[in-house]
Each structure stands twice: as C-alpha cells, then as structure tokens.
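Peer 1: Please read through the structure below; I'll follow up with questions.
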Amino acid sequence: MSLEGKVALVTGSSQGIGQAIAIRLAEAGANIVINYRSHPEGAEETLSKVLSVGGKCYMAQCPNTRGQTLKADLGNIQEVPQLITDSIQHFGRLDILVNNAGIEKHAPFWEVTENDYDAVLNVNLKGVFFATQVFVQHLKETNRSGKIINISSVHEDLPFPNFTAYCASKGAIKMLTRNLAIELAPFGITINNVAPGAIETPINTKLLNDPEKLNALLKNIPLGRLGQPQDVASLVSFLASADADYITGSTFYVDGGLLWNYQEQ
C-alpha cells in the first residue's frame, strides 16, 4: 500500500486520530500537510513524528525546512479555500484529502444554543463540504484522480443523547459521501467514510477517568477494549492507496463491534 510521491492533507491532525493518520500516511510514503486550529503544540508534535518516519511536511513559516503545520479553522468558510490552496502551492499538487477535523458539544436538545449548533455543523459538515469542493476543483483542473476519506462516527447511525447536533452532522457526512461517490466517479475520484467507535483520544479524557462509565462502555464492545487511533489510521492508509481504487461510497466501521447491540447506561 505504497503512497510514495502522493500528497495528503489531514485536517485536524494536531492530536488523536488525525495525528495518527498523518503519521501512518507518512510511513506509507506520502508527503503530509498538517492542519490545526487551536493546538499548535500538538501540530508540532505531529510534525516531529512525521519527520521521524521519513515523511515530508508543509512548513509555512520556514519554507526552507522539511515540514510545517497550517493553521486553519474548518468552521470558518473563509479559511478553507486558502488551506487547500496553500497545500497545493507548496507541493505542487494534492492527491489525498482526509476530512478529520471535528468537534462536539454536550447539551440536552432543549438547551442547545444556535451558536453551539452552528459551531458543530460548520466544522463537521460545512467545512468538509467546501474543503472537498476546492480539492475536487483542483483535481478536475489538473485532470487527475484522487482520494477523499471522511472521518465520521458510529453516531451517524447510533443515537447519542445530548449530542444531537453532532449526530446530525455525522449522518449528513454519510449521505454526502454516498452522493459524491456517484458525482465524482466519472473523474476517477473516490470518496469513502470511516466511522470510528470509542477511540482512546483526548476528546474522551473525561470518560477514561470515570471507571464506572468506562466499564459500562466496555461491556458493549465485543472486543472488550477501546480502539486506538492507529486502528483508524491503518484503514485510512488502505483507502488512500491504489489497493482501494474500486471502493467508493462506502462506510467502514472501526468500533470493535460496538454497533451490534449498544445500550445506553
């Protein structure tokens, strides 16, 4: 599954799943554009790890060095085209887009504010929509095929009380993926969806520190453990490679079997 010579942008790659994906794609030979919104120190950590496995990154502030990170808020539509454009200008091309950046807001439905709703939908759906659009325009203009991998969630199918806006955004990503698979197929562009379950990342710190809730969750996972970011990254690497050229419009669950019979405790 070599990605030698390919260029990949991984949004939200300063920590967790995004960081693991950036490292895994670099291990496969891809050049990486690291994106962050509010964790520059995490992005620098990703950069260091990518370089340690022999990868090359985009370094905006220091263009003479081998790599760097790009700050852009996927929830701010004004910043999205520039992120894609800067990535292309540095490496001369972009072959792989991993739409990983995402946020969630906890609140009962009747207490959700418009600001919180907008924040979640802007990052998780609107940002994905328009980042993908600019990427596709680049591929069409250069008459090349490409790969789009969306990082969704089991909550595109599985209800998640108190996270309604998040679930709505992920359900929309699943349908976006299916629809674009049809529209983009004539151009040799594939798009697929990876839906992680409970993954051990910083976003789950509160859960990891609550033994009662953690044990209740583990009872719902047939494999008996939380997933690791690398579990998701390995699948993304496959979908980004030529080995997955005949796969498009599909959702792949990385959940240890969580969806089989999940029950809220």
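Just remember, in the structure tokens the first chain shown is A, the second B, etc., residues are 1-based per chain, and ligands are 1-based in the order shown.
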Can you tell me, as a ChimeraX atom specification, what residues are no more than 10 Å from Asn261 in chain A when counting only C-alpha atoms, ignoring any on the same chain fewer than 6 positions away?

Peer 2: /A:220-222

Peer 1: Go ahead and dump the residues you just picked, N, CA and C atoms, as a PDB file, in the first residue's frame.

Peer 2:
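File produced: part.pdb:
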ATOM      1  N   ASN A 220     -20.218  -3.081  26.237  1.00  0.00           N
ATOM      2  CA  ASN A 220     -20.934  -3.003  24.963  1.00  0.00           C
ATOM      3  C   ASN A 220     -20.036  -3.282  23.761  1.00  0.00           C
ATOM      4  N   ILE A 221     -18.745  -3.444  24.009  1.00  0.00           N
ATOM      5  CA  ILE A 221     -17.797  -3.647  22.917  1.00  0.00           C
ATOM      6  C   ILE A 221     -17.345  -5.105  22.909  1.00  0.00           C
ATOM      7  N   PRO A 222     -17.754  -5.895  21.937  1.00  0.00           N
ATOM      8  CA  PRO A 222     -17.391  -7.313  21.910  1.00  0.00           C
ATOM      9  C   PRO A 222     -15.892  -7.569  22.023  1.00  0.00           C
TER      10      PRO A 222
END

Peer 1: Give me the residues near range 182-193 of chain A as an NGL selection string, where near means some atom within 10 Å (using only C-alpha atoms) and where sequence neighbours in that chain fewer than 5 positions away do not count.

Peer 2: :A and (95-99 or 132 or 136 or 139-140 or 143-153 or 173-177 or 236 or 239-240 or 244-253)

Peer 1: May I have the selected residues written with N, CA and C atoms, as an mmCIF file, in the first residue's frame?

Peer 2:
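Okay, part_37.cif is ready:
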data_model
loop_
_atom_site.group_PDB
_atom_site.id
_atom_site.type_symbol
_atom_site.label_atom_id
_atom_site.label_comp_id
_atom_site.auth_asym_id
_atom_site.auth_seq_id
_atom_site.Cartn_x
_atom_site.Cartn_y
_atom_site.Cartn_z
ATOM 1 N N ASP A 95 -3.230 15.024 -3.607
ATOM 2 C CA ASP A 95 -3.801 13.764 -4.088
ATOM 3 C C ASP A 95 -4.825 13.165 -3.144
ATOM 4 N N ILE A 96 -4.674 13.452 -1.853
ATOM 5 C CA ILE A 96 -5.484 12.806 -0.830
ATOM 6 C C ILE A 96 -5.988 13.867 0.142
ATOM 7 N N LEU A 97 -7.284 13.865 0.397
ATOM 8 C CA LEU A 97 -7.864 14.747 1.402
ATOM 9 C C LEU A 97 -8.520 13.895 2.475
ATOM 10 N N VAL A 98 -8.052 14.052 3.706
ATOM 11 C CA VAL A 98 -8.660 13.360 4.841
ATOM 12 C C VAL A 98 -9.395 14.405 5.676
ATOM 13 N N ASN A 99 -10.722 14.370 5.613
ATOM 14 C CA ASN A 99 -11.557 15.302 6.374
ATOM 15 C C ASN A 99 -11.753 14.750 7.787
ATOM 16 N N THR A 132 -13.743 19.778 0.463
ATOM 17 C CA THR A 132 -13.844 18.767 -0.585
ATOM 18 C C THR A 132 -14.094 19.418 -1.945
ATOM 19 N N VAL A 136 -11.708 18.947 -5.141
ATOM 20 C CA VAL A 136 -12.218 18.371 -6.394
ATOM 21 C C VAL A 136 -11.962 19.322 -7.562
ATOM 22 N N LEU A 139 -8.440 18.788 -8.666
ATOM 23 C CA LEU A 139 -8.259 17.541 -9.402
ATOM 24 C C LEU A 139 -8.816 17.650 -10.823
ATOM 25 N N LYS A 140 -9.967 18.285 -10.973
ATOM 26 C CA LYS A 140 -10.563 18.443 -12.298
ATOM 27 C C LYS A 140 -9.692 19.340 -13.183
ATOM 28 N N ASN A 143 -6.808 17.389 -14.251
ATOM 29 C CA ASN A 143 -7.179 16.140 -14.918
ATOM 30 C C ASN A 143 -6.556 14.926 -14.233
ATOM 31 N N ARG A 144 -6.707 14.870 -12.896
ATOM 32 C CA ARG A 144 -6.149 13.755 -12.130
ATOM 33 C C ARG A 144 -7.214 13.142 -11.238
ATOM 34 N N SER A 145 -6.987 11.879 -10.896
ATOM 35 C CA SER A 145 -7.856 11.213 -9.931
ATOM 36 C C SER A 145 -7.388 11.577 -8.524
ATOM 37 N N GLY A 146 -8.158 11.179 -7.524
ATOM 38 C CA GLY A 146 -7.775 11.485 -6.155
ATOM 39 C C GLY A 146 -8.604 10.693 -5.165
ATOM 40 N N LYS A 147 -8.255 10.845 -3.892
ATOM 41 C CA LYS A 147 -8.916 10.102 -2.819
ATOM 42 C C LYS A 147 -9.414 11.062 -1.752
ATOM 43 N N ILE A 148 -10.661 10.866 -1.352
ATOM 44 C CA ILE A 148 -11.248 11.622 -0.248
ATOM 45 C C ILE A 148 -11.684 10.626 0.813
ATOM 46 N N ILE A 149 -11.234 10.828 2.036
ATOM 47 C CA ILE A 149 -11.640 9.969 3.150
ATOM 48 C C ILE A 149 -12.211 10.853 4.247
ATOM 49 N N ASN A 150 -13.473 10.641 4.557
ATOM 50 C CA ASN A 150 -14.137 11.388 5.622
ATOM 51 C C ASN A 150 -14.099 10.585 6.921
ATOM 52 N N ILE A 151 -13.731 11.247 8.002
ATOM 53 C CA ILE A 151 -13.776 10.591 9.309
ATOM 54 C C ILE A 151 -15.099 10.969 9.956
ATOM 55 N N SER A 152 -15.994 10.023 10.001
ATOM 56 C CA SER A 152 -17.328 10.241 10.544
ATOM 57 C C SER A 152 -17.378 9.708 11.977
ATOM 58 N N SER A 153 -18.366 8.895 12.291
ATOM 59 C CA SER A 153 -18.533 8.349 13.635
ATOM 60 C C SER A 153 -19.622 7.293 13.594
ATOM 61 N N ILE A 173 -22.749 13.601 6.827
ATOM 62 C CA ILE A 173 -21.488 13.219 6.187
ATOM 63 C C ILE A 173 -21.638 11.877 5.474
ATOM 64 N N LYS A 174 -22.372 10.957 6.083
ATOM 65 C CA LYS A 174 -22.576 9.659 5.435
ATOM 66 C C LYS A 174 -23.300 9.828 4.103
ATOM 67 N N MET A 175 -24.338 10.655 4.076
ATOM 68 C CA MET A 175 -25.090 10.855 2.836
ATOM 69 C C MET A 175 -24.275 11.656 1.841
ATOM 70 N N LEU A 176 -23.505 12.628 2.317
ATOM 71 C CA LEU A 176 -22.609 13.382 1.434
ATOM 72 C C LEU A 176 -21.655 12.434 0.717
ATOM 73 N N THR A 177 -21.112 11.491 1.469
ATOM 74 C CA THR A 177 -20.175 10.520 0.904
ATOM 75 C C THR A 177 -20.842 9.681 -0.177
ATOM 76 N N VAL A 236 -7.483 4.099 6.966
ATOM 77 C CA VAL A 236 -7.381 5.279 6.114
ATOM 78 C C VAL A 236 -6.238 5.120 5.115
ATOM 79 N N LEU A 239 -7.452 2.942 2.309
ATOM 80 C CA LEU A 239 -8.410 3.625 1.434
ATOM 81 C C LEU A 239 -7.734 4.689 0.573
ATOM 82 N N ALA A 240 -6.618 5.221 1.059
ATOM 83 C CA ALA A 240 -5.880 6.239 0.296
ATOM 84 C C ALA A 240 -4.996 5.625 -0.785
ATOM 85 N N ALA A 244 -7.325 0.331 -2.967
ATOM 86 C CA ALA A 244 -8.743 0.624 -2.736
ATOM 87 C C ALA A 244 -9.376 1.361 -3.917
ATOM 88 N N ASP A 245 -8.785 1.258 -5.085
ATOM 89 C CA ASP A 245 -9.263 2.020 -6.240
ATOM 90 C C ASP A 245 -10.699 1.682 -6.654
ATOM 91 N N TYR A 246 -11.180 0.497 -6.306
ATOM 92 C CA TYR A 246 -12.526 0.104 -6.726
ATOM 93 C C TYR A 246 -13.535 0.254 -5.594
ATOM 94 N N ILE A 247 -13.158 0.974 -4.557
ATOM 95 C CA ILE A 247 -14.040 1.182 -3.406
ATOM 96 C C ILE A 247 -14.438 2.652 -3.345
ATOM 97 N N THR A 248 -15.731 2.914 -3.368
ATOM 98 C CA THR A 248 -16.202 4.294 -3.240
ATOM 99 C C THR A 248 -17.629 4.300 -2.711
ATOM 100 N N GLY A 249 -17.964 5.351 -1.966
ATOM 101 C CA GLY A 249 -19.310 5.499 -1.419
ATOM 102 C C GLY A 249 -19.605 4.604 -0.231
ATOM 103 N N SER A 250 -18.573 4.024 0.354
ATOM 104 C CA SER A 250 -18.770 3.056 1.432
ATOM 105 C C SER A 250 -18.436 3.655 2.794
ATOM 106 N N THR A 251 -19.081 3.110 3.821
ATOM 107 C CA THR A 251 -18.754 3.447 5.206
ATOM 108 C C THR A 251 -18.144 2.227 5.875
ATOM 109 N N PHE A 252 -17.029 2.437 6.552
ATOM 110 C CA PHE A 252 -16.326 1.361 7.253
ATOM 111 C C PHE A 252 -16.317 1.674 8.753
ATOM 112 N N TYR A 253 -16.877 0.753 9.530
ATOM 113 C CA TYR A 253 -16.963 0.964 10.973
ATOM 114 C C TYR A 253 -15.722 0.399 11.662
#

Peer 1: List the neighbours of Thr46 in chain A out to 8 Å using only C-alpha atoms; skip same-chain residues closer than 2 positions along the sequence, and give me the result as number ranges by chain.

Peer 2: A: 13-15, 19, 22-23, 34, 42-44, 48-50

Peer 1: Write the residues of the preceding selection, restricted to N, CA and C atoms, as a compact mmCIF listing (two decimals), in the first residue's frame.

Peer 2:
# COMPACT_ATOMS: atom_id res chain seq x y z
N SER A 13 -5.10 17.53 12.43
CA SER A 13 -4.09 16.48 12.66
C SER A 13 -3.11 16.83 13.77
N SER A 14 -3.55 17.66 14.72
CA SER A 14 -2.67 18.03 15.83
C SER A 14 -2.75 17.06 17.01
N GLN A 15 -3.69 16.13 16.98
CA GLN A 15 -3.83 15.18 18.07
C GLN A 15 -4.72 14.02 17.66
N GLN A 19 -3.72 12.92 14.12
CA GLN A 19 -2.27 12.79 14.25
C GLN A 19 -1.81 11.40 13.81
N ALA A 22 -1.90 11.11 10.00
CA ALA A 22 -0.78 11.82 9.36
C ALA A 22 0.49 10.98 9.42
N ILE A 23 0.75 10.39 10.58
CA ILE A 23 1.95 9.57 10.76
C ILE A 23 1.89 8.32 9.89
N ILE A 34 -0.06 19.15 7.56
CA ILE A 34 -0.65 19.06 8.89
C ILE A 34 -1.47 20.32 9.15
N GLY A 42 0.47 20.62 19.60
CA GLY A 42 0.14 19.29 19.12
C GLY A 42 0.53 19.10 17.67
N ALA A 43 0.34 20.16 16.88
CA ALA A 43 0.71 20.10 15.47
C ALA A 43 2.22 19.94 15.33
N GLU A 44 2.97 20.62 16.18
CA GLU A 44 4.42 20.48 16.15
C GLU A 44 4.85 19.06 16.54
N SER A 48 6.95 16.53 14.17
CA SER A 48 8.15 15.83 14.61
C SER A 48 8.05 14.33 14.34
N LYS A 49 6.88 13.77 14.61
CA LYS A 49 6.70 12.33 14.42
C LYS A 49 6.67 11.96 12.94
N VAL A 50 6.07 12.82 12.13
CA VAL A 50 6.06 12.57 10.68
C VAL A 50 7.48 12.60 10.13

Peer 1: Could you list, as a PyMOL selection string, every residue within 12 Å of Gln78 in chain A, counting only C-alpha atoms and ignoring same-chain residues fewer than 4 positions away?

Peer 2: chain A and resi 72-74+82-84+122+126-127+130-131

Peer 1: Go ahead and dump the residues you just picked, C-alpha atoms, as a PDB file, in the first residue's frame.

Peer 2:
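The new file selection-v1.pdb reads:
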ATOM      1  CA  ALA A  72      -6.988  26.994   9.643  1.00  0.00           C
ATOM      2  CA  ASP A  73     -10.399  26.794  11.254  1.00  0.00           C
ATOM      3  CA  LEU A  74     -12.548  24.433   9.198  1.00  0.00           C
ATOM      4  CA  GLN A  82      -6.710  29.060   1.457  1.00  0.00           C
ATOM      5  CA  LEU A  83      -5.836  25.879   3.352  1.00  0.00           C
ATOM      6  CA  ILE A  84      -6.257  23.802   0.191  1.00  0.00           C
ATOM      7  CA  ASN A 122     -19.789  24.438  10.490  1.00  0.00           C
ATOM      8  CA  LYS A 126     -19.864  22.801   6.097  1.00  0.00           C
ATOM      9  CA  GLY A 127     -16.072  22.748   6.367  1.00  0.00           C
ATOM     10  CA  PHE A 130     -16.255  23.143   0.933  1.00  0.00           C
ATOM     11  CA  ALA A 131     -12.790  21.694   1.581  1.00  0.00           C
TER      12      ALA A 131
END

Peer 1: Would you mind telling me which residue in A:Pro40, A:Gly171, A:Pro159, A:Gly227 lies nearest to Ile199 in chain A when using only C-alpha atoms?

Peer 2: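 Distance minimum relative to Ile199 in chain A lands on A:Gly227.
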
Peer 1: Could you check which of A:Leu25, A:Val10, A:Ile17, A:Val123 is closest to Phe238 in chain A, using only C-alpha atoms?

Peer 2: A:Leu25

Peer 1: Apply DSSP to the structure's backbone, then extract all residues of range 33-155 of chain A labelled strand (DSSP E) and return them as a ChimeraX atom specification.

Peer 2: /A:33-36,69-71,96-99,146-151

Peer 1: Enumerate, as number ranges by chain, the complete set of residues in range 62-253 of chain A that a backbone-based DSSP assignment places in alpha helix (DSSP H).

Peer 2: A: 80-91, 114-121, 127-141, 164-184, 205-208, 211-218, 229-240

Peer 1: I'd like the interatomic distance between CA of Ala216 in chain A and CA of Leu235 in chain A, to a tenth of an Å.

Peer 2: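 That distance, rounded to one decimal, is 26.9 Å.
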
Peer 1: Closest to Ser237 in chain A among A:Val194, A:Ile203, A:Val53, A:Ala165, using only C-alpha atoms?

Peer 2: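 The closest residue to Ser237 in chain A is A:Val194.
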
Peer 1: If we count only C-alpha atoms and set the cut-off at 8 Å, which residues sit around Leu94 in chain A, ignoring sequence neighbours fewer than 3 positions away in its own chain? Please answer as a ChimeraX atom specification.

Peer 2: /A:6-9,87-88,91,97,135,138-139

Peer 1: Those same residues - N, CA and C atoms - I'd like them written as a compact mmCIF listing (two decimals), in the first residue's frame.

Peer 2:
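Output (part_21.txt):
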# COMPACT_ATOMS: atom_id res chain seq x y z
N LYS A 6 2.77 10.72 -3.21
CA LYS A 6 1.45 11.32 -3.04
C LYS A 6 1.51 12.44 -2.01
N VAL A 7 0.58 13.37 -2.10
CA VAL A 7 0.48 14.47 -1.14
C VAL A 7 -0.88 14.40 -0.46
N ALA A 8 -0.86 14.39 0.87
CA ALA A 8 -2.10 14.25 1.64
C ALA A 8 -2.27 15.40 2.62
N LEU A 9 -3.45 15.98 2.64
CA LEU A 9 -3.83 16.95 3.67
C LEU A 9 -4.72 16.26 4.67
N SER A 87 -1.67 24.29 0.47
CA SER A 87 -1.16 22.92 0.39
C SER A 87 -0.70 22.60 -1.03
N ILE A 88 -1.51 23.00 -2.00
CA ILE A 88 -1.19 22.73 -3.41
C ILE A 88 0.03 23.53 -3.86
N PHE A 91 3.47 21.86 -2.46
CA PHE A 91 3.91 20.58 -3.05
C PHE A 91 3.63 20.49 -4.54
N LEU A 97 -7.28 13.87 0.40
CA LEU A 97 -7.86 14.75 1.40
C LEU A 97 -8.52 13.89 2.47
N PHE A 135 -10.87 20.89 -3.27
CA PHE A 135 -9.99 19.77 -3.63
C PHE A 135 -10.41 19.16 -4.97
N HIS A 138 -9.48 21.30 -7.89
CA HIS A 138 -8.06 21.14 -8.21
C HIS A 138 -7.83 19.89 -9.05
N LEU A 139 -8.44 18.79 -8.67
CA LEU A 139 -8.26 17.54 -9.40
C LEU A 139 -8.82 17.65 -10.82

Peer 1: Separation of CA of Tyr166 in chain A and CA of Ile21 in chain A, in Å?

Peer 2: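 Pair CA of Tyr166 in chain A / CA of Ile21 in chain A returns 21.7 Å.
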
Peer 1: I want to know what sits within 9 Å of Val120 in chain A, based on only C-alpha atoms, with residues of the same chain fewer than 4 positions away left out; could you give that as JSON, numbers by chain?

Peer 2: {"A": [75, 102, 103, 104, 105, 115, 116, 124, 125, 165, 166, 169]}

Peer 1: Save the residues we just selected, N, CA and C atoms, as a compact mmCIF listing (two decimals), in the first residue's frame?

Peer 2:
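To be explicit, this is the file written out as part-v2.txt:
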# COMPACT_ATOMS: atom_id res chain seq x y z
N GLY A 75 -14.25 25.52 10.56
CA GLY A 75 -15.57 26.09 10.80
C GLY A 75 -15.72 27.49 10.24
N GLY A 102 -13.12 17.74 13.60
CA GLY A 102 -14.49 17.66 14.08
C GLY A 102 -14.59 18.08 15.53
N ILE A 103 -15.76 18.56 15.91
CA ILE A 103 -16.00 18.95 17.30
C ILE A 103 -17.36 18.43 17.74
N GLU A 104 -17.59 18.44 19.04
CA GLU A 104 -18.89 18.07 19.60
C GLU A 104 -19.21 18.99 20.76
N LYS A 105 -20.49 19.16 21.03
CA LYS A 105 -20.96 19.98 22.14
C LYS A 105 -22.00 19.18 22.92
N ASN A 115 -25.47 29.16 18.64
CA ASN A 115 -24.02 29.26 18.49
C ASN A 115 -23.36 27.89 18.55
N ASP A 116 -23.82 27.05 19.50
CA ASP A 116 -23.25 25.71 19.60
C ASP A 116 -23.61 24.86 18.39
N ASN A 124 -18.04 20.22 11.25
CA ASN A 124 -18.25 18.81 10.90
C ASN A 124 -18.89 18.59 9.54
N LEU A 125 -19.59 19.59 9.02
CA LEU A 125 -20.28 19.40 7.75
C LEU A 125 -19.92 20.47 6.71
N ALA A 165 -26.74 17.67 17.70
CA ALA A 165 -26.13 18.38 16.58
C ALA A 165 -24.97 17.56 16.00
N TYR A 166 -24.21 16.94 16.86
CA TYR A 166 -23.08 16.11 16.42
C TYR A 166 -23.59 14.94 15.57
N SER A 169 -24.73 16.06 12.18
CA SER A 169 -23.60 16.37 11.28
C SER A 169 -22.99 15.10 10.72
